[in-house]
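Participant: Just one file: model-v9.pdb, with PDB, C-alpha atoms, pLDDT in the B column.
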ATOM      1  CA  MET D   1      55.957  49.080 -27.408  1.00 54.00           C
ATOM      2  CA  GLN D   2      58.305  50.047 -24.585  1.00 69.00           C
ATOM      3  CA  GLN D   3      61.130  52.425 -25.457  1.00 84.00           C
ATOM      4  CA  TRP D   4      64.395  51.501 -23.785  1.00 90.00           C
ATOM      5  CA  PRO D   5      67.486  53.738 -23.717  1.00 90.00           C
ATOM      6  CA  ALA D   6      69.045  54.093 -27.163  1.00 89.00           C
ATOM      7  CA  ASP D   7      72.519  53.306 -25.810  1.00 89.00           C
ATOM      8  CA  TRP D   8      71.468  49.886 -24.512  1.00 91.00           C
ATOM      9  CA  PRO D   9      72.752  46.990 -26.622  1.00 91.00           C
ATOM     10  CA  ARG D  10      70.160  44.827 -28.389  1.00 93.00           C
ATOM     11  CA  PRO D  11      70.466  41.942 -25.864  1.00 93.00           C
ATOM     12  CA  ALA D  12      69.610  44.283 -22.969  1.00 93.00           C
ATOM     13  CA  LYS D  13      66.605  45.652 -24.843  1.00 95.00           C
ATOM     14  CA  ASP D  14      65.435  42.125 -25.692  1.00 95.00           C
ATOM     15  CA  ILE D  15      65.721  41.020 -22.067  1.00 96.00           C
ATOM     16  CA  ALA D  16      63.885  44.121 -20.875  1.00 96.00           C
ATOM     17  CA  THR D  17      61.099  43.729 -23.440  1.00 96.00           C
ATOM     18  CA  GLY D  18      60.683  40.010 -22.787  1.00 97.00           C
ATOM     19  CA  THR D  19      60.628  40.552 -19.031  1.00 97.00           C
ATOM     20  CA  SER D  20      58.136  43.399 -19.301  1.00 97.00           C
ATOM     21  CA  ASP D  21      55.886  41.328 -21.563  1.00 97.00           C
ATOM     22  CA  ALA D  22      56.076  38.307 -19.245  1.00 97.00           C
ATOM     23  CA  VAL D  23      55.212  40.401 -16.196  1.00 97.00           C
ATOM     24  CA  ALA D  24      52.219  41.900 -18.014  1.00 97.00           C
ATOM     25  CA  ALA D  25      51.041  38.429 -19.031  1.00 97.00           C
ATOM     26  CA  ALA D  26      51.505  37.048 -15.510  1.00 96.00           C
ATOM     27  CA  THR D  27      49.586  39.974 -14.048  1.00 96.00           C
ATOM     28  CA  ALA D  28      46.759  39.313 -16.498  1.00 96.00           C
ATOM     29  CA  GLY D  29      46.894  35.544 -15.949  1.00 95.00           C
ATOM     30  CA  ASP D  30      47.398  35.050 -19.697  1.00 96.00           C
ATOM     31  CA  ALA D  31      49.187  31.695 -20.028  1.00 95.00           C
ATOM     32  CA  GLU D  32      49.601  31.951 -23.803  1.00 96.00           C
ATOM     33  CA  ALA D  33      51.190  35.421 -23.752  1.00 97.00           C
ATOM     34  CA  TYR D  34      53.319  34.332 -20.787  1.00 97.00           C
ATOM     35  CA  ALA D  35      54.620  31.284 -22.659  1.00 96.00           C
ATOM     36  CA  ASP D  36      55.418  33.463 -25.673  1.00 97.00           C
ATOM     37  CA  ALA D  37      57.397  35.960 -23.588  1.00 97.00           C
ATOM     38  CA  VAL D  38      59.257  33.156 -21.791  1.00 97.00           C
ATOM     39  CA  ASP D  39      60.115  31.528 -25.130  1.00 97.00           C
ATOM     40  CA  ARG D  40      61.591  34.816 -26.366  1.00 96.00           C
ATOM     41  CA  LEU D  41      63.658  35.170 -23.183  1.00 97.00           C
ATOM     42  CA  LEU D  42      64.942  31.621 -23.602  1.00 97.00           C
ATOM     43  CA  THR D  43      66.750  32.788 -26.759  1.00 96.00           C
ATOM     44  CA  ALA D  44      68.770  35.311 -24.721  1.00 96.00           C
ATOM     45  CA  ASP D  45      71.965  34.548 -22.819  1.00 94.00           C
ATOM     46  CA  PRO D  46      70.846  32.744 -19.632  1.00 94.00           C
ATOM     47  CA  ASP D  47      73.546  34.344 -17.469  1.00 91.00           C
ATOM     48  CA  GLN D  48      72.504  37.828 -18.551  1.00 93.00           C
ATOM     49  CA  VAL D  49      68.805  37.129 -17.994  1.00 95.00           C
ATOM     50  CA  ARG D  50      69.492  35.556 -14.595  1.00 92.00           C
ATOM     51  CA  SER D  51      71.645  38.534 -13.566  1.00 92.00           C
ATOM     52  CA  VAL D  52      68.903  41.020 -14.465  1.00 95.00           C
ATOM     53  CA  HIS D  53      66.158  39.013 -12.797  1.00 95.00           C
ATOM     54  CA  SER D  54      68.212  38.350  -9.645  1.00 92.00           C
ATOM     55  CA  ALA D  55      68.940  42.058  -9.277  1.00 94.00           C
ATOM     56  CA  MET D  56      65.248  42.842  -9.697  1.00 95.00           C
ATOM     57  CA  VAL D  57      64.168  40.225  -7.134  1.00 94.00           C
ATOM     58  CA  ARG D  58      66.720  41.482  -4.583  1.00 92.00           C
ATOM     59  CA  GLU D  59      65.658  45.110  -4.994  1.00 94.00           C
ATOM     60  CA  LEU D  60      61.967  44.214  -4.880  1.00 95.00           C
ATOM     61  CA  LEU D  61      62.443  42.148  -1.723  1.00 93.00           C
ATOM     62  CA  GLU D  62      64.293  45.056  -0.107  1.00 91.00           C
ATOM     63  CA  ASP D  63      61.582  47.524  -1.153  1.00 93.00           C
ATOM     64  CA  THR D  64      58.698  45.334   0.001  1.00 93.00           C
ATOM     65  CA  HIS D  65      60.341  44.369   3.298  1.00 90.00           C
ATOM     66  CA  ALA D  66      61.803  47.627   4.576  1.00 84.00           C
ATOM     67  CA  ASP D  67      61.948  46.325   8.155  1.00 84.00           C
ATOM     68  CA  GLY D  68      64.151  43.430   7.092  1.00 83.00           C
ATOM     69  CA  LEU D  69      63.696  40.152   5.321  1.00 84.00           C
ATOM     70  CA  THR D  70      62.959  37.141   7.489  1.00 85.00           C
ATOM     71  CA  GLY D  71      62.561  33.491   6.618  1.00 85.00           C
ATOM     72  CA  GLU D  72      58.855  33.905   7.280  1.00 89.00           C
ATOM     73  CA  ALA D  73      58.679  36.790   4.818  1.00 88.00           C
ATOM     74  CA  VAL D  74      60.359  34.679   2.119  1.00 89.00           C
ATOM     75  CA  GLN D  75      57.884  31.877   2.871  1.00 91.00           C
ATOM     76  CA  ASP D  76      55.012  34.376   2.513  1.00 92.00           C
ATOM     77  CA  VAL D  77      56.301  35.452  -0.910  1.00 92.00           C
ATOM     78  CA  LEU D  78      56.594  31.834  -1.983  1.00 93.00           C
ATOM     79  CA  GLU D  79      53.085  30.943  -0.839  1.00 94.00           C
ATOM     80  CA  ARG D  80      51.429  34.074  -2.237  1.00 95.00           C
ATOM     81  CA  CYS D  81      53.143  33.666  -5.588  1.00 94.00           C
ATOM     82  CA  ALA D  82      52.285  29.959  -5.820  1.00 95.00           C
ATOM     83  CA  ARG D  83      48.618  30.522  -4.947  1.00 94.00           C
ATOM     84  CA  ALA D  84      48.215  33.300  -7.509  1.00 93.00           C
ATOM     85  CA  ALA D  85      49.976  31.430 -10.338  1.00 94.00           C
ATOM     86  CA  ALA D  86      48.371  28.034  -9.698  1.00 93.00           C
ATOM     87  CA  VAL D  87      45.052  29.428 -10.967  1.00 93.00           C
ATOM     88  CA  TRP D  88      46.295  30.071 -14.504  1.00 94.00           C
ATOM     89  CA  LEU D  89      49.698  28.386 -14.953  1.00 92.00           C
ATOM     90  CA  PRO D  90      49.719  24.584 -15.119  1.00 86.00           C
ATOM     91  CA  SER D  91      53.542  24.459 -15.290  1.00 84.00           C
ATOM     92  CA  LEU D  92      53.961  26.052 -11.847  1.00 91.00           C
ATOM     93  CA  ASP D  93      56.932  24.553  -9.972  1.00 92.00           C
ATOM     94  CA  VAL D  94      56.989  25.562  -6.308  1.00 92.00           C
ATOM     95  CA  GLY D  95      60.455  24.075  -5.821  1.00 90.00           C
ATOM     96  CA  ALA D  96      61.787  26.322  -8.586  1.00 91.00           C
ATOM     97  CA  LEU D  97      60.104  29.340  -6.945  1.00 92.00           C
ATOM     98  CA  ALA D  98      62.195  28.552  -3.869  1.00 90.00           C
ATOM     99  CA  VAL D  99      65.319  28.262  -6.054  1.00 91.00           C
ATOM    100  CA  VAL D 100      64.644  31.739  -7.452  1.00 91.00           C
ATOM    101  CA  LEU D 101      64.184  33.298  -4.024  1.00 90.00           C
ATOM    102  CA  THR D 102      67.106  31.590  -2.276  1.00 88.00           C
ATOM    103  CA  GLY D 103      69.395  31.947  -5.297  1.00 87.00           C
ATOM    104  CA  SER D 104      68.633  35.639  -5.764  1.00 86.00           C
ATOM    105  CA  LEU D 105      69.448  36.253  -2.117  1.00 85.00           C
ATOM    106  CA  GLY D 106      72.714  34.319  -2.372  1.00 84.00           C
ATOM    107  CA  LEU D 107      71.542  31.706   0.138  1.00 84.00           C
ATOM    108  CA  THR D 108      72.154  28.833  -2.281  1.00 81.00           C
ATOM    109  CA  ASP D 109      74.261  28.279  -5.366  1.00 81.00           C
ATOM    110  CA  TYR D 110      71.948  29.662  -8.049  1.00 76.00           C
ATOM    111  CA  ASP D 111      74.073  28.256 -10.880  1.00 77.00           C
ATOM    112  CA  GLU D 112      74.034  24.726  -9.453  1.00 83.00           C
ATOM    113  CA  ASP D 113      70.332  24.875  -8.669  1.00 80.00           C
ATOM    114  CA  THR D 114      69.540  26.177 -12.145  1.00 80.00           C
ATOM    115  CA  VAL D 115      71.402  23.275 -13.743  1.00 82.00           C
ATOM    116  CA  ARG D 116      69.628  20.801 -11.444  1.00 86.00           C
ATOM    117  CA  VAL D 117      66.128  22.208 -12.013  1.00 87.00           C
ATOM    118  CA  GLY D 118      66.625  23.390 -15.598  1.00 89.00           C
ATOM    119  CA  TRP D 119      66.932  26.926 -16.923  1.00 92.00           C
ATOM    120  CA  PRO D 120      63.497  27.061 -18.636  1.00 93.00           C
ATOM    121  CA  VAL D 121      61.768  26.044 -15.385  1.00 92.00           C
ATOM    122  CA  VAL D 122      63.738  28.543 -13.284  1.00 93.00           C
ATOM    123  CA  LEU D 123      63.074  31.325 -15.798  1.00 95.00           C
ATOM    124  CA  ARG D 124      59.306  30.706 -15.738  1.00 95.00           C
ATOM    125  CA  GLN D 125      59.240  30.878 -11.948  1.00 94.00           C
ATOM    126  CA  ALA D 126      61.563  33.914 -11.700  1.00 95.00           C
ATOM    127  CA  LEU D 127      59.144  35.939 -13.777  1.00 97.00           C
ATOM    128  CA  LEU D 128      56.284  34.904 -11.486  1.00 96.00           C
ATOM    129  CA  VAL D 129      58.226  36.074  -8.438  1.00 96.00           C
ATOM    130  CA  ILE D 130      58.986  39.393 -10.131  1.00 97.00           C
ATOM    131  CA  ALA D 131      55.330  39.903 -11.113  1.00 97.00           C
ATOM    132  CA  ASP D 132      54.188  39.061  -7.578  1.00 96.00           C
ATOM    133  CA  LEU D 133      56.648  41.418  -5.898  1.00 96.00           C
ATOM    134  CA  LEU D 134      55.814  44.220  -8.335  1.00 97.00           C
ATOM    135  CA  ALA D 135      52.130  43.815  -7.450  1.00 96.00           C
ATOM    136  CA  VAL D 136      52.937  44.031  -3.738  1.00 94.00           C
ATOM    137  CA  ALA D 137      55.149  47.081  -4.323  1.00 95.00           C
ATOM    138  CA  GLN D 138      52.435  48.560  -6.554  1.00 96.00           C
ATOM    139  CA  ALA D 139      55.204  49.561  -8.938  1.00 95.00           C
ATOM    140  CA  PRO D 140      55.711  49.305 -12.687  1.00 95.00           C
ATOM    141  CA  VAL D 141      58.341  46.946 -14.026  1.00 96.00           C
ATOM    142  CA  ASP D 142      60.227  49.595 -16.042  1.00 95.00           C
ATOM    143  CA  GLY D 143      62.123  51.251 -13.192  1.00 95.00           C
ATOM    144  CA  TYR D 144      63.307  47.962 -11.731  1.00 96.00           C
ATOM    145  CA  LEU D 145      64.399  46.737 -15.157  1.00 96.00           C
ATOM    146  CA  ARG D 146      66.287  49.943 -15.898  1.00 95.00           C
ATOM    147  CA  ARG D 147      68.091  49.943 -12.562  1.00 95.00           C
ATOM    148  CA  ALA D 148      69.051  46.272 -12.837  1.00 95.00           C
ATOM    149  CA  ILE D 149      70.419  46.592 -16.378  1.00 94.00           C
ATOM    150  CA  GLU D 150      72.203  49.869 -15.689  1.00 92.00           C
ATOM    151  CA  GLU D 151      73.806  48.500 -12.499  1.00 90.00           C
ATOM    152  CA  ILE D 152      75.027  45.406 -14.351  1.00 87.00           C
ATOM    153  CA  ALA D 153      76.442  47.588 -17.143  1.00 84.00           C
ATOM    154  CA  ARG D 154      78.157  49.833 -14.596  1.00 85.00           C
ATOM    155  CA  ALA D 155      79.638  46.852 -12.761  1.00 81.00           C
ATOM    156  CA  GLU D 156      80.967  45.426 -16.028  1.00 76.00           C
ATOM    157  CA  THR D 157      82.809  48.657 -16.810  1.00 76.00           C
ATOM    158  CA  VAL D 158      84.487  48.911 -13.413  1.00 64.00           C
ATOM    159  CA  GLU D 159      88.005  47.609 -13.672  1.00 57.00           C
ATOM    160  CA  MET D 160      89.052  45.208 -10.963  1.00 53.00           C
ATOM    161  CA  PRO D 161      92.171  46.273  -8.985  1.00 57.00           C
TER     162      PRO D 161
END
Since I need it in another form, could you write the structure as structure tokens?

Facilitator:
Amino acid sequence: MQQWPADWPRPAKDIATGTSDAVAAATAGDAEAYADAVDRLLTADPDQVRSVHSAMVRELLEDTHADGLTGEAVQDVLERCARAAAVWLPSLDVGALAVVLTGSLGLTDYDEDTVRVGWPVVLRQALLVIADLLAVAQAPVDGYLRRAIEEIARAETVEMP
């Protein structure tokens, strides 16, 4: 069991644990464990989960595309992720993969797209994108999760002028 910082509130720990479990299941191609982790994340606040996952996707895209992110690079991520997941995940939704990528980058209205596609579908695909990018980066999920949650917490404590 992953140990998260003691000062994190329970929702942050639950999101981190669910995300970590989902990434492990996606990496292993374990549809049952993946569905279980997704179901647990669906009980968390969708805005909080989406914020954490969007921050992770943005950082991972930056780390895996140091020379700059092009439309072709985003297309490559989409195709690679879809091919890998199609083998073990019957509920794959390529359109929702695109929503995750474009929404995380701020190219489309993520909130509107999530309502249109449905939060459970977007969540399932976001975790696939994260697992794919982590594999490319050859990095564990923990550091990205910690940075995303800590940055969100820091931003929430900054008082607006």

Participant: Could you tell me, as number ranges by chain, exactly which residues end up selected when the PyMOL selection byres ((chain D and resi 72-77) around 8) is applied to this structure?

Facilitator: D: 65, 69-71, 78-81, 101, 129, 132-133

Participant: I need the output of the PyMOL selection byres ((chain D and resi 58) around 12) for this file as a CSV table (one decimal) with C-alpha atoms, keeping the file's coordinate frame; which residues are they?

Facilitator:
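Saved result, out.csv, follows:
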chain,number,residue,atom,x,y,z
D,50,ARG,CA,69.5,35.6,-14.6
D,51,SER,CA,71.6,38.5,-13.6
D,52,VAL,CA,68.9,41.0,-14.5
D,53,HIS,CA,66.2,39.0,-12.8
D,54,SER,CA,68.2,38.4,-9.6
D,55,ALA,CA,68.9,42.1,-9.3
D,56,MET,CA,65.2,42.8,-9.7
D,57,VAL,CA,64.2,40.2,-7.1
D,59,GLU,CA,65.7,45.1,-5.0
D,60,LEU,CA,62.0,44.2,-4.9
D,61,LEU,CA,62.4,42.1,-1.7
D,62,GLU,CA,64.3,45.1,-0.1
D,63,ASP,CA,61.6,47.5,-1.2
D,64,THR,CA,58.7,45.3,0.0
D,65,HIS,CA,60.3,44.4,3.3
D,69,LEU,CA,63.7,40.2,5.3
D,74,VAL,CA,60.4,34.7,2.1
D,100,VAL,CA,64.6,31.7,-7.5
D,101,LEU,CA,64.2,33.3,-4.0
D,102,THR,CA,67.1,31.6,-2.3
D,103,GLY,CA,69.4,31.9,-5.3
D,104,SER,CA,68.6,35.6,-5.8
D,105,LEU,CA,69.4,36.3,-2.1
D,106,GLY,CA,72.7,34.3,-2.4
D,107,LEU,CA,71.5,31.7,0.1
D,126,ALA,CA,61.6,33.9,-11.7
D,129,VAL,CA,58.2,36.1,-8.4
D,130,ILE,CA,59.0,39.4,-10.1
D,133,LEU,CA,56.6,41.4,-5.9
D,134,LEU,CA,55.8,44.2,-8.3
D,144,TYR,CA,63.3,48.0,-11.7
D,147,ARG,CA,68.1,49.9,-12.6
D,148,ALA,CA,69.1,46.3,-12.8

Participant: Nearest to D:Val115: which of D:Glu151, D:Asp14, D:Asp7, D:Asp47 is it, counting all atoms listed in the file?

Facilitator: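 Closest to D:Val115 of all the choices is D:Asp47.
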
Participant: Could you tell me which residues the PyMOL selection byres ((chain D and resi 17-25) around 9) grabs in this file, written as a PyMOL selection string?

Facilitator: chain D and resi 1-4+12-16+26-41+49+53+124+127-128+130-132+134+141-142+145

Participant: So how far away is atom CA of D:Leu97 from atom CA of D:Arg83, in Å?

Facilitator: 11.7 Å

Participant: Place a sphere of radius 12 Å on (61.0, 22.6, -6.7) in the file coordinates and name every protein, DNA or RNA residue with an atom inside or on its surface, counting all atoms listed in the file; give the answer as a ChimeraX atom specification.

Facilitator: /D:78,82,91-102,113-114,116-118,121-122,125
